[in-house]
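**Student:** Would you mind keeping the following structure in view while I ask a few things?
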Amino acid sequence: MSGAASTVAKPVEQVVKAVASRIEVFIDSKPVSVEPNWTIHEACRQNGVFVPTVCHHPRLKPAGKCRVCAVHVNEGQTSMYKLACCSKVTPQMQITTNSLTVKGKAELALKKVMSPLGKYGVVPVGLTEDLDRLNAWEKRSLVDESSTAIIRDNNLCVACTRCVRACSDQQGMNILETSMEDQGFQYATTHNGENLAETDCILCGQCAVFCPTGAIVEKDHIQDVLKAQKAEKIMILQSAPATRVAIAELFGAPPGTIATGKLVGAAHAAGFSHVFDTNFAADLTIMEEGTEFLKRLKNGGPFPMFTSCCPAWINLVEKRYPEFIPNLSTCRSPQMMMGSTIKSYWAQKLAINPEDIFSVSMMPCVAKKDEIDRSQLLKNGKRDVDAVLTTREFAKLLRMKGIKDWNSVKDTPYDDPLGRSTGAASLFGVTGGVMEAALRTAYETVTGKALPKLDFHACRGLDGIKEATIEVGGTNINICIASGGKNVHKVMDWIKNKQKTYHFVEMMACPSGCIGGGGQPRSDDPDVLNRRMESIYSLDSGTEIRKSHENQAVKELYANFLEWPGSPMAHRMLHTRYENRMKPVVPVAAHASHRKEHAAGSGVLVLFGSQGGTAAGAARQLKEQYERRKPGAKVRCMPMNSYNFADLPKETNVLMVCSTYGEGTFPDNATEFWDKLRDPNLPDGFLKNVKFSVCGLGSSAYALFNQAAKNLDRRFEELGATRLAPTVLAGERVTEKYMATFDPWAEGLMGALGSSGESINEPATPSYQLTLAFGSKRKLLRPCPPGYHFVHLDAKHRLTSPVNYPRPADFLDLNLKGSGMTYSAGGHLAILPRNNSGQVDRFLEFAGLEPQRLVSVHVVNGEASEIPPVLEVRELFEQYMDIGAPVTRKFLQQLALFAEPTDAKAIRELCANPKSPQFEEFLLEYTHEDALKMFPSAMPPIESLISMIPTIKARKYSIASSAQLHPDNAHLVVVQWSGALPSGKIRTGLCSKYLLSLNPVERPPVAAQVHEGILAAPEEGATPCMFIALGTGIASVRAFLQDREAMQRKGVPLGKCHLWFGVRHRQNDHFFKELFENYVRCGILTAVHTSFSHDDPQVFETVPMIMDKDPDAVWDVLKHPDACCYYCGPAMGIPKMCSDAMTRALVTAGKMTQLKAEEYFKTMVSEERWRMECF
């Protein structure tokens, strides 16, 4: 026989070389030696420094989603905050994890990421019991219990994307994705929001292993066990090999601790009268499976023969590879062989009625819960195995029984006769183990000779795919072993495309096999699987009998009951059959190789690169939008890595949606595609026949914002491709998240691709369904908008004078106490405004709607709603329907479909020439409310009405206070926005008008969210800094200055700090004049420099102008190499004017050359010491 060579120790030279290649970094000022390819998080963990995180897990690729792992880093002259999970170490890097600022950032991020756990808040007055029931129903509606093995509770989801990454990047299933929500929170969902049972989920349970909040857990069987015990059933437990090397972890023991005896002893103490070893059935499986394989070998196939002990793998074959069902071994899994044996052979032997037995299995696997309900495995509709406890559940049961001190549990052997097993059976717990155990028996059965060496090293180790050729009795057997869904898919693609030929293939859905099963203890130890594996091998080598065919108890079972391996009796008791469960139409989320795709070059290709699922969801939305607009269109949608890159030049239209994470890094499912695309050997004009467009999704908090999308756009252009539409870069920091950028881009593509517009011949299907809520008693109900929290107005006063000043501005003091929200300087408060109540009452009267009618609102497609499930009609229109928003052509076209002939004709004539000045003016002048009143016969039913009118969107305001001085309050500076329309009418901003109308005496609840800002003040108070603020941009500066005030109170020395402040009039809107003058006297500010643009009608005085007048004051800050400068105000080219003025000051006051001054400023920009927040 031949195979892979065994692992040998590394030569001394390699070890020395490895040590020499390490680099030195400083963690909290302590020098440490680390590997150059480590992330900051790994370097800290390896050196005992705790860095908190929610989304990161060492066995998953980083996503940088939660931002809790922020650390401060100095690299040479560069000083910035980085995310530890996805930032690599560099030589001499100085990493700070323990400063108050770093901890504050982490705490703020943690509270932000956990805020969805309280996303529904209700402030009711006199709730009825019916409404209480409705609220309880609404909470349950976010729970998916459709699966036989897994429960999803989106009430607990914080959108960390661990489950999405486990499902997609690790398992290759692409069942889970991140919802595309614009209401302040996201959650993990399935494509189109299906229940899990409606998808191709194979129930491997990897999502549950990595979920940090309990939003995804296995379906509980503990209660079934307790009920059976109460009914005085005969309680039987069997335990799988992987559980004995993991259970002790849940009681504080190191990973890999072998706890066989204590497991059995604890089971007896918990009320199980008999405890059997699933390993016995594993030996039985080898006898049956080995016999089956040798029969196929003799008959010439069918090959390859696949193992059948992993139920998640069986689910995968039935759902996505049904053509390979004949290749599956017909053997049941060891769990089901044991279950059948207990209720037949063992029950007969002890003269026990099988119905008195309650058979429980302790498994490392979640899919085993599903397996016991397979119709092919039921006898007269009854289970052979009555309940399955995962390793985690078994530990929970023990604690419920008062068994908490693991060390005090007595070591006890398994019970006879189903407790005797071999070392080969133990190997079932690790990838390659089934294959190795089978080869031991097959070799000796075929040759009649003893194996010279029992260990098959070709089968060992944690590699995801292992291949070898083994000689058995003169025949070369090609074997393959795959573990982890992604690797399984890859091997199946090889086999399906006839790239590889095998005789025998072992498949395990979970990475590393059962030791990494979905029901095993959760662990953030990256070496945990290796430790469990070594313990499995130790169990094998330490067992006296190591070959399944030498198990005397198994021989007795055949002699007394089953007759012989493969006998009719054995087939009846130990074998099964399978069924095709592939859906007629495979969802888009399916693995690329399992979809019936159109050929390359036809139709439209949509590619996505997605680390957390948002880009994947956007890409699928784009596909569905095009298919809806162009029926019969050929659209393919897949991850970039799943696409056959060689076909790219054949494509006609390529649309890409790609996220960026970390330091400009491509998502894991796009890296292979990018590596091929950037190959310098690709010929010129490689993509000359391709038209393309890119939408980037990213966070502007990263220095390399949307770098992946930029790279794709640049490279496609270099290779000769033509843009269908300009590339767009969407940031998550706008209120609507990515949608504000994505939607117009997608709409533009629809026209570029020649699709029809949205239908104007029939009304659109309503997005919402309304029903009357229960209860005749109508009480005032003010639910909190989903994703928001209520705060209250404590105080308000006018900042501008006189009272009739045309641009009034107010100072608002909002009380956050009890909201669960915290903030830091530089943060934003997003306010969800309300329509004027009188305006709403008049509109409802016109529409014939009863204001106090209590209704239940649900989204038709099952997605989460930005409208609460129960509310009054008045509340629906006052808080959520933007009736005062400018009317759109689409709204008018839809309105015409509901109108009587006269109004319908007038509307269509109005919309006939959309580019005419008259129509454009109409869109500017009139609102949705105006249009409805102008054409009264067109009033749609309420479901259509609320689907056609846009919802009210939040408005972000920079917080003008420091949490260090005002931890329970957030201050805002709000200016009344207004603009003149062509008719001369004045339109005012909804949110500013709403806030300025509030009366603090009434303490009205205000729906708000805290958002992290773009700007962050220097960590050290001694860092010299300069603030430039225009108008209400002073809000963020006030917050940073209050931070400095807090530092001063604590005795922290402060560096130079100049404020350049531009407003319109000295007498009217010079905000916080006395406060800043006092800050100068106290040393919090060095100086304040003001410009008043509208005071002198002859001179429009700007901040850059007064900077030019006093370059020494600018140089007073910039002369320091660590100086930080900030701009807060409108864009309109002003930041460039300010940076030019600063460059001029470097020349005049700093005596630099123009070239050196420009280089100096470029360094500030690259080191993020020149930061801007524009509006």
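In the structure tokens, chains take the letters A, B, ... in the order shown, each chain's residues start at 1, and ligands count up from 1 in the order shown.
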Any idea what's packed within 10 Å of Gly1055 of chain A, counting only C-alpha atoms, ignoring anything in its chain fewer than 2 positions away? Could you give it as a compact mmCIF listing (two decimals) with all heavy atoms, in the first residue's frame?

**Tutor:**
# COMPACT_ATOMS: atom_id res chain seq x y z
N GLU A 1020 -4.53 62.40 22.83
CA GLU A 1020 -3.79 63.12 23.88
C GLU A 1020 -4.17 64.58 23.87
O GLU A 1020 -4.20 65.23 22.82
CB GLU A 1020 -2.28 62.96 23.65
CG GLU A 1020 -1.81 61.51 23.54
CD GLU A 1020 -2.07 60.72 24.82
OE1 GLU A 1020 -2.13 61.34 25.90
OE2 GLU A 1020 -2.22 59.49 24.74
N GLY A 1021 -4.44 65.13 25.03
CA GLY A 1021 -4.79 66.54 25.14
C GLY A 1021 -3.67 67.46 24.73
O GLY A 1021 -3.91 68.59 24.31
N ALA A 1022 -2.43 66.99 24.81
CA ALA A 1022 -1.28 67.83 24.48
C ALA A 1022 -1.08 67.98 22.98
O ALA A 1022 -0.26 68.80 22.54
CB ALA A 1022 -0.02 67.24 25.12
N THR A 1023 -1.78 67.20 22.18
CA THR A 1023 -1.62 67.29 20.72
C THR A 1023 -2.13 68.64 20.22
O THR A 1023 -3.27 69.00 20.45
CB THR A 1023 -2.41 66.16 20.03
OG1 THR A 1023 -1.96 64.90 20.51
CG2 THR A 1023 -2.22 66.23 18.52
N PRO A 1024 -1.28 69.41 19.54
CA PRO A 1024 -1.74 70.70 19.00
C PRO A 1024 -2.81 70.47 17.94
O PRO A 1024 -2.71 69.55 17.13
CB PRO A 1024 -0.48 71.30 18.37
CG PRO A 1024 0.66 70.53 18.98
CD PRO A 1024 0.13 69.16 19.26
N CYS A 1025 -3.85 71.33 17.92
CA CYS A 1025 -4.91 71.12 16.95
C CYS A 1025 -5.53 72.44 16.52
O CYS A 1025 -5.44 73.45 17.23
CB CYS A 1025 -5.98 70.17 17.47
SG CYS A 1025 -6.63 70.57 19.09
N ARG A 1044 -11.82 68.70 25.86
CA ARG A 1044 -10.60 69.35 26.39
C ARG A 1044 -10.86 69.95 27.76
O ARG A 1044 -10.01 69.88 28.66
CB ARG A 1044 -10.12 70.43 25.41
CG ARG A 1044 -9.47 69.88 24.15
CD ARG A 1044 -9.16 70.98 23.15
NE ARG A 1044 -8.21 71.97 23.61
CZ ARG A 1044 -6.89 71.88 23.51
NH1 ARG A 1044 -6.34 70.80 22.95
NH2 ARG A 1044 -6.09 72.84 23.95
N VAL A 1052 -4.98 67.18 32.99
CA VAL A 1052 -4.24 66.79 31.78
C VAL A 1052 -3.73 68.05 31.09
O VAL A 1052 -4.50 68.97 30.83
CB VAL A 1052 -5.14 65.99 30.82
CG1 VAL A 1052 -4.40 65.68 29.52
CG2 VAL A 1052 -5.62 64.71 31.48
N PRO A 1053 -2.43 68.14 30.80
CA PRO A 1053 -1.90 69.32 30.09
C PRO A 1053 -2.45 69.39 28.67
O PRO A 1053 -2.58 68.37 28.00
CB PRO A 1053 -0.39 69.09 30.10
CG PRO A 1053 -0.20 67.63 30.30
CD PRO A 1053 -1.36 67.17 31.13
N CYS A 1057 -4.42 75.20 20.65
CA CYS A 1057 -5.69 74.90 19.98
C CYS A 1057 -6.28 76.20 19.46
O CYS A 1057 -6.67 77.08 20.24
CB CYS A 1057 -6.67 74.23 20.93
SG CYS A 1057 -8.22 73.78 20.15
N GLY A 1083 -7.54 78.75 28.91
CA GLY A 1083 -6.48 77.98 28.27
C GLY A 1083 -6.95 76.75 27.51
O GLY A 1083 -6.13 75.98 27.01
N ILE A 1084 -8.25 76.57 27.43
CA ILE A 1084 -8.77 75.45 26.64
C ILE A 1084 -8.61 75.76 25.15
O ILE A 1084 -8.32 74.88 24.35
CB ILE A 1084 -10.24 75.18 27.01
CG1 ILE A 1084 -10.32 74.70 28.45
CG2 ILE A 1084 -10.88 74.16 26.07
CD1 ILE A 1084 -11.73 74.67 29.02
N LEU A 1085 -8.79 77.03 24.80
CA LEU A 1085 -8.50 77.52 23.46
C LEU A 1085 -7.33 78.50 23.52
O LEU A 1085 -7.21 79.29 24.47
CB LEU A 1085 -9.71 78.24 22.88
CG LEU A 1085 -10.76 77.42 22.12
CD1 LEU A 1085 -11.99 78.27 21.81
CD2 LEU A 1085 -10.19 76.86 20.83
N THR A 1086 -6.49 78.48 22.49
CA THR A 1086 -5.40 79.46 22.40
C THR A 1086 -5.94 80.77 21.86
O THR A 1086 -5.61 81.85 22.37
CB THR A 1086 -4.29 78.92 21.48
OG1 THR A 1086 -3.85 77.66 21.98
CG2 THR A 1086 -3.11 79.89 21.44
N VAL A 1117 0.17 76.24 15.01
CA VAL A 1117 -0.28 74.85 15.16
C VAL A 1117 0.50 73.92 14.23
O VAL A 1117 1.02 72.89 14.65
CB VAL A 1117 -1.80 74.73 14.88
CG1 VAL A 1117 -2.23 73.27 14.90
CG2 VAL A 1117 -2.59 75.52 15.91
N ALA A 1123 0.59 67.85 14.74
CA ALA A 1123 -0.58 68.70 14.74
C ALA A 1123 -1.74 68.06 13.96
O ALA A 1123 -1.54 67.40 12.95
CB ALA A 1123 -0.25 70.05 14.13

**Student:** Name all residues at most 6 Å from segment 312-325 of chain A (count only C-alpha atoms; drop same-chain ones fewer than 6 positions away) and give them as a tab-separated table (two decimals) with all heavy atoms, in the first residue's frame.

**Tutor:**
chain	number	residue	atom	x	y	z
A	202	ILE	N	-28.54	22.74	4.92
A	202	ILE	CA	-28.27	21.32	5.21
A	202	ILE	C	-28.19	21.06	6.70
A	202	ILE	O	-27.91	19.94	7.13
A	202	ILE	CB	-26.97	20.85	4.51
A	202	ILE	CG1	-25.77	21.68	4.98
A	202	ILE	CG2	-27.14	20.93	2.99
A	202	ILE	CD1	-24.44	21.20	4.43
A	203	LEU	N	-28.40	22.11	7.51
A	203	LEU	CA	-28.48	21.99	8.97
A	203	LEU	C	-27.16	21.54	9.59
A	203	LEU	O	-27.16	20.84	10.60
A	203	LEU	CB	-29.62	21.03	9.36
A	203	LEU	CG	-30.99	21.43	8.82
A	203	LEU	CD1	-32.02	20.36	9.14
A	203	LEU	CD2	-31.43	22.77	9.38
A	204	CYS	N	-26.05	21.97	9.01
A	204	CYS	CA	-24.74	21.63	9.59
A	204	CYS	C	-24.54	22.29	10.94
A	204	CYS	O	-23.78	21.80	11.77
A	204	CYS	CB	-23.61	22.03	8.63
A	204	CYS	SG	-23.48	23.82	8.36
A	367	ALA	N	-27.32	18.44	12.76
A	367	ALA	CA	-28.10	17.76	11.73
A	367	ALA	C	-28.62	16.41	12.19
A	367	ALA	O	-29.56	15.86	11.59
A	367	ALA	CB	-27.27	17.60	10.46
A	509	ALA	N	-19.52	17.45	6.40
A	509	ALA	CA	-19.95	18.82	6.16
A	509	ALA	C	-19.24	19.83	7.05
A	509	ALA	O	-19.03	20.97	6.65
A	509	ALA	CB	-21.47	18.94	6.35
A	580	ASN	N	-34.65	12.44	-3.91
A	580	ASN	CA	-34.32	13.70	-4.57
A	580	ASN	C	-35.16	14.81	-3.95
A	580	ASN	O	-36.38	14.81	-4.05
A	580	ASN	CB	-34.61	13.57	-6.08
A	580	ASN	CG	-34.23	14.84	-6.84
A	580	ASN	OD1	-34.02	15.90	-6.27
A	580	ASN	ND2	-34.16	14.71	-8.16
A	581	ARG	N	-34.50	15.77	-3.31
A	581	ARG	CA	-35.21	16.90	-2.70
A	581	ARG	C	-34.81	18.22	-3.35
A	581	ARG	O	-34.99	19.29	-2.77
A	581	ARG	CB	-34.95	16.95	-1.20
A	581	ARG	CG	-35.58	15.80	-0.43
A	581	ARG	CD	-35.56	16.08	1.06
A	581	ARG	NE	-34.25	15.87	1.64
A	581	ARG	CZ	-33.81	16.44	2.76
A	581	ARG	NH1	-34.59	17.30	3.40
A	581	ARG	NH2	-32.61	16.18	3.24
A	582	MET	N	-34.24	18.14	-4.55
A	582	MET	CA	-33.83	19.36	-5.25
A	582	MET	C	-35.06	20.12	-5.71
A	582	MET	O	-35.99	19.56	-6.26
A	582	MET	CB	-32.96	19.01	-6.45
A	582	MET	CG	-32.28	20.21	-7.09
A	582	MET	SD	-31.16	19.69	-8.42
A	582	MET	CE	-30.22	21.19	-8.67

**Student:** Return the single residue from A:Val51, A:Ile495, A:Cys1124, A:Ile545 that is closest to Met305 of chain A, with distances computed using only C-alpha atoms.

**Tutor:**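 Among the listed residues, A:Ile495 lies closest to Met305 of chain A.
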
**Student:** I'd like a table as CSV: residues in segment 504-537 of chain A with an atom no more than 8 Å from segment 388-405 of chain A, each row giving the shortest atom pair and its distance in Å to one decimal, only C-alpha atoms counted, sorted by chain and rising residue number.

**Tutor:**
residue,atom,partner,partner_atom,distance
A:Gly519,CA,A:Thr390,CA,4.8
A:Gln520,CA,A:Thr391,CA,5.4
A:Pro521,CA,A:Arg392,CA,5.8

**Student:** DSSP says helix (DSSP H, G or I) for which residues of segment 600-838 of chain A? Put them as a PyMOL selection string?

**Tutor:** chain A and resi 614-629+640-642+645-650+668-677+707-718+739-752+837-838

**Student:** Which is closest to His828 of chain A among A:Pro726, A:Pro91, A:Gly1013, A:Gly429, if we use only C-alpha atoms?

**Tutor:** A:Gly1013

**Student:** Taking only C-alpha atoms into account, which of A:Pro413, A:Pro255, A:Pro744, A:Pro62 comes nearest Ala267 of chain A?

**Tutor:** A:Pro413

**Student:** Report, in Å to a single decimal, how far apart atom CA of Met1172 of chain A and atom CA of Tyr1126 of chain A are.

**Tutor:**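 Going from atom CA of Tyr1126 of chain A over to atom CA of Met1172 of chain A, I get 5.7 Å.
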
**Student:** Give me, as a list of chain:residue names, all polymer residues having an atom no more than 8 Å from Phe692 of chain A, counting only C-alpha atoms and skipping those fewer than 6 positions away in the same chain.

**Tutor:**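 Listing them by chain and then by number gives A:Asn653, A:Val654, A:Leu655, A:Met656, A:Phe716, A:Ala721, A:Thr722, A:Arg723, A:Leu724, A:Ala725.
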
**Student:** Env of segment 996-1004 of chain A: 6 Å cut, atoms = only C-alpha atoms, seq-sep filter 4 positions within chain, self excluded. Answer as a list of chain:residue names.

**Tutor:** A:His792, A:Leu793, A:Asp794, A:Ala795

**Student:** Which residues come within 8 Å of Arg332 of chain A, counting only C-alpha atoms, excluding same-chain residues fewer than 5 positions away, as an NGL selection string?

**Tutor:** :A and (285 or 308-309 or 337 or 574-576)

**Student:** Would you export the selected residues with N, CA and C atoms as a PDB file, in the first residue's frame, please?

**Tutor:**
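What follows is the written file result-v3.pdb:
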ATOM      1  N   THR A 285     -20.788  -0.025  11.328  1.00  0.00           N
ATOM      2  CA  THR A 285     -20.825   0.709  10.052  1.00  0.00           C
ATOM      3  C   THR A 285     -19.690   0.279   9.140  1.00  0.00           C
ATOM      4  N   SER A 308     -21.715   7.778   4.210  1.00  0.00           N
ATOM      5  CA  SER A 308     -23.087   8.235   4.479  1.00  0.00           C
ATOM      6  C   SER A 308     -23.342   8.504   5.959  1.00  0.00           C
ATOM      7  N   CYS A 309     -22.272   8.663   6.753  1.00  0.00           N
ATOM      8  CA  CYS A 309     -22.507   8.818   8.199  1.00  0.00           C
ATOM      9  C   CYS A 309     -22.774  10.264   8.601  1.00  0.00           C
ATOM     10  N   MET A 337     -27.795   3.307  13.290  1.00  0.00           N
ATOM     11  CA  MET A 337     -27.554   1.872  13.473  1.00  0.00           C
ATOM     12  C   MET A 337     -27.696   1.509  14.951  1.00  0.00           C
ATOM     13  N   LEU A 574     -29.976  -1.962   9.138  1.00  0.00           N
ATOM     14  CA  LEU A 574     -28.828  -1.057   9.157  1.00  0.00           C
ATOM     15  C   LEU A 574     -28.666  -0.217   7.903  1.00  0.00           C
ATOM     16  N   HIS A 575     -29.515  -0.398   6.918  1.00  0.00           N
ATOM     17  CA  HIS A 575     -29.361   0.357   5.671  1.00  0.00           C
ATOM     18  C   HIS A 575     -30.587   1.235   5.435  1.00  0.00           C
ATOM     19  N   THR A 576     -30.491   2.110   4.456  1.00  0.00           N
ATOM     20  CA  THR A 576     -31.580   3.056   4.187  1.00  0.00           C
ATOM     21  C   THR A 576     -31.592   3.412   2.709  1.00  0.00           C
TER      22      THR A 576
END

**Student:** What does the distance from atom CA of Ser512 of chain A to atom CA of Asp527 of chain A come to in Å, to one decimal?

**Tutor:**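 Separation of atom CA of Ser512 of chain A and atom CA of Asp527 of chain A: 11.9 Å.
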
**Student:** Where in segment 832-908 of chain A does DSSP assign strand (DSSP E or B), given as a PyMOL selection string?

**Tutor:** chain A and resi 832+854-859+870-872+881+886

**Student:** Using N, CA and C atoms, can you write the selected residues to a file as a PDB file, in the first residue's frame?

**Tutor:**
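The resulting file, out-v7.pdb, is shown below:
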ATOM      1  N   LEU A 832     -35.644  61.201  13.798  1.00  0.00           N
ATOM      2  CA  LEU A 832     -36.742  60.873  12.892  1.00  0.00           C
ATOM      3  C   LEU A 832     -37.865  61.876  13.160  1.00  0.00           C
ATOM      4  N   LEU A 854     -57.240  51.839  15.026  1.00  0.00           N
ATOM      5  CA  LEU A 854     -56.046  51.055  15.341  1.00  0.00           C
ATOM      6  C   LEU A 854     -55.834  50.011  14.248  1.00  0.00           C
ATOM      7  N   VAL A 855     -54.654  50.012  13.642  1.00  0.00           N
ATOM      8  CA  VAL A 855     -54.386  49.088  12.533  1.00  0.00           C
ATOM      9  C   VAL A 855     -53.106  48.298  12.799  1.00  0.00           C
ATOM     10  N   SER A 856     -53.045  47.160  12.142  1.00  0.00           N
ATOM     11  CA  SER A 856     -51.844  46.321  12.169  1.00  0.00           C
ATOM     12  C   SER A 856     -51.218  46.371  10.780  1.00  0.00           C
ATOM     13  N   VAL A 857     -49.937  46.720  10.703  1.00  0.00           N
ATOM     14  CA  VAL A 857     -49.246  46.930   9.432  1.00  0.00           C
ATOM     15  C   VAL A 857     -48.172  45.865   9.270  1.00  0.00           C
ATOM     16  N   HIS A 858     -48.192  45.205   8.122  1.00  0.00           N
ATOM     17  CA  HIS A 858     -47.188  44.173   7.854  1.00  0.00           C
ATOM     18  C   HIS A 858     -46.658  44.331   6.443  1.00  0.00           C
ATOM     19  N   VAL A 859     -45.376  44.081   6.273  1.00  0.00           N
ATOM     20  CA  VAL A 859     -44.766  44.121   4.946  1.00  0.00           C
ATOM     21  C   VAL A 859     -45.177  42.864   4.195  1.00  0.00           C
ATOM     22  N   VAL A 870     -48.333  47.644  15.201  1.00  0.00           N
ATOM     23  CA  VAL A 870     -49.638  48.116  15.667  1.00  0.00           C
ATOM     24  C   VAL A 870     -49.549  49.606  15.975  1.00  0.00           C
ATOM     25  N   LEU A 871     -50.438  50.389  15.405  1.00  0.00           N
ATOM     26  CA  LEU A 871     -50.447  51.824  15.650  1.00  0.00           C
ATOM     27  C   LEU A 871     -51.746  52.428  15.131  1.00  0.00           C
ATOM     28  N   GLU A 872     -52.001  53.678  15.521  1.00  0.00           N
ATOM     29  CA  GLU A 872     -53.171  54.389  15.032  1.00  0.00           C
ATOM     30  C   GLU A 872     -52.899  54.914  13.627  1.00  0.00           C
ATOM     31  N   MET A 881     -45.298  58.645   7.145  1.00  0.00           N
ATOM     32  CA  MET A 881     -45.588  58.969   5.755  1.00  0.00           C
ATOM     33  C   MET A 881     -45.172  60.408   5.431  1.00  0.00           C
ATOM     34  N   PRO A 886     -41.585  66.374  -1.988  1.00  0.00           N
ATOM     35  CA  PRO A 886     -41.894  66.740  -3.378  1.00  0.00           C
ATOM     36  C   PRO A 886     -42.410  65.540  -4.163  1.00  0.00           C
TER      37      PRO A 886
END

**Student:** Do you know which residues are at most 12 Å from Cys331 of chain A counting only C-alpha atoms, after dropping those on the same chain fewer than 2 positions away, and could you put them as a PyMOL selection string?

**Tutor:** chain A and resi 281-282+284-293+305-311+314+327-329+333-337+377+565-566+570-578

**Student:** With C-alpha atoms retained, write the just-selected residues as an mmCIF file, in the first residue's frame.

**Tutor:**
data_model
loop_
_atom_site.group_PDB
_atom_site.id
_atom_site.type_symbol
_atom_site.label_atom_id
_atom_site.label_comp_id
_atom_site.auth_asym_id
_atom_site.auth_seq_id
_atom_site.Cartn_x
_atom_site.Cartn_y
_atom_site.Cartn_z
ATOM 1 C CA ALA A 281 -22.146 1.186 15.901
ATOM 2 C CA ALA A 282 -19.184 2.815 14.126
ATOM 3 C CA LEU A 284 -20.796 -2.001 12.755
ATOM 4 C CA THR A 285 -20.825 0.709 10.052
ATOM 5 C CA ILE A 286 -17.351 -0.300 8.889
ATOM 6 C CA MET A 287 -18.447 -3.918 8.545
ATOM 7 C CA GLU A 288 -21.441 -2.940 6.402
ATOM 8 C CA GLU A 289 -19.799 -0.101 4.471
ATOM 9 C CA GLY A 290 -16.633 -2.110 3.829
ATOM 10 C CA THR A 291 -18.696 -5.002 2.511
ATOM 11 C CA GLU A 292 -20.631 -2.641 0.258
ATOM 12 C CA PHE A 293 -17.444 -1.082 -1.105
ATOM 13 C CA MET A 305 -18.804 5.465 -3.384
ATOM 14 C CA PHE A 306 -19.546 8.196 -0.863
ATOM 15 C CA THR A 307 -19.674 7.665 2.890
ATOM 16 C CA SER A 308 -23.087 8.235 4.479
ATOM 17 C CA CYS A 309 -22.507 8.818 8.199
ATOM 18 C CA CYS A 310 -22.788 12.650 8.011
ATOM 19 C CA PRO A 311 -26.488 13.682 7.815
ATOM 20 C CA ILE A 314 -26.744 13.544 2.938
ATOM 21 C CA ASN A 327 -23.192 6.780 -5.321
ATOM 22 C CA LEU A 328 -24.069 7.129 -1.639
ATOM 23 C CA SER A 329 -23.440 4.180 0.615
ATOM 24 C CA SER A 333 -25.096 6.531 10.204
ATOM 25 C CA PRO A 334 -23.684 4.995 13.424
ATOM 26 C CA GLN A 335 -26.320 6.953 15.403
ATOM 27 C CA MET A 336 -29.162 5.321 13.505
ATOM 28 C CA MET A 337 -27.554 1.872 13.473
ATOM 29 C CA LEU A 377 -35.716 5.762 9.178
ATOM 30 C CA PRO A 565 -22.431 -8.281 6.870
ATOM 31 C CA GLY A 566 -24.722 -7.292 4.024
ATOM 32 C CA ALA A 570 -28.568 -6.402 8.088
ATOM 33 C CA HIS A 571 -30.033 -4.456 5.189
ATOM 34 C CA ARG A 572 -33.411 -4.229 6.891
ATOM 35 C CA MET A 573 -31.929 -3.011 10.199
ATOM 36 C CA LEU A 574 -28.828 -1.057 9.157
ATOM 37 C CA HIS A 575 -29.361 0.357 5.671
ATOM 38 C CA THR A 576 -31.580 3.056 4.187
ATOM 39 C CA ARG A 577 -32.487 4.877 0.999
ATOM 40 C CA TYR A 578 -32.497 8.504 -0.166
#

**Student:** Could you check how far atom CA of Gln1042 of chain A sits from atom CA of Ser99 of chain A, in Å to one decimal?

**Tutor:**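 Answer for the atom CA of Gln1042 of chain A to atom CA of Ser99 of chain A separation: 18.9 Å.
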
**Student:** Using only C-alpha atoms for the distances, tell me which of A:His72, A:Thr445, A:Leu895, A:Ile946 is nearest to Ala931 of chain A.

**Tutor:**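 Residue with the minimum atom-to-atom distance to Ala931 of chain A: A:Leu895.
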
**Student:** Hey, what's within 12 Å of Thr469 of chain A if we count only C-alpha atoms and toss same-chain stuff fewer than 5 positions away? As a list in words, please?

**Tutor:** Met1, Ser2, Gly3, Ala4, Leu439, Phe456, His457, Ala458, Cys459, Gly474, Thr475, Asn476, Ile477, Asn478, Ile479, Cys480, Ile481, Thr501, Tyr502, His503, Phe504 and Val505 of chain A

**Student:** Pick the closest to Arg1169 of chain A from A:Leu462, A:Gly419, A:Gln77, A:Thr988: which is it, counting only C-alpha atoms?

**Tutor:**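 Among the listed residues, the smallest separation from Arg1169 of chain A belongs to A:Gln77.
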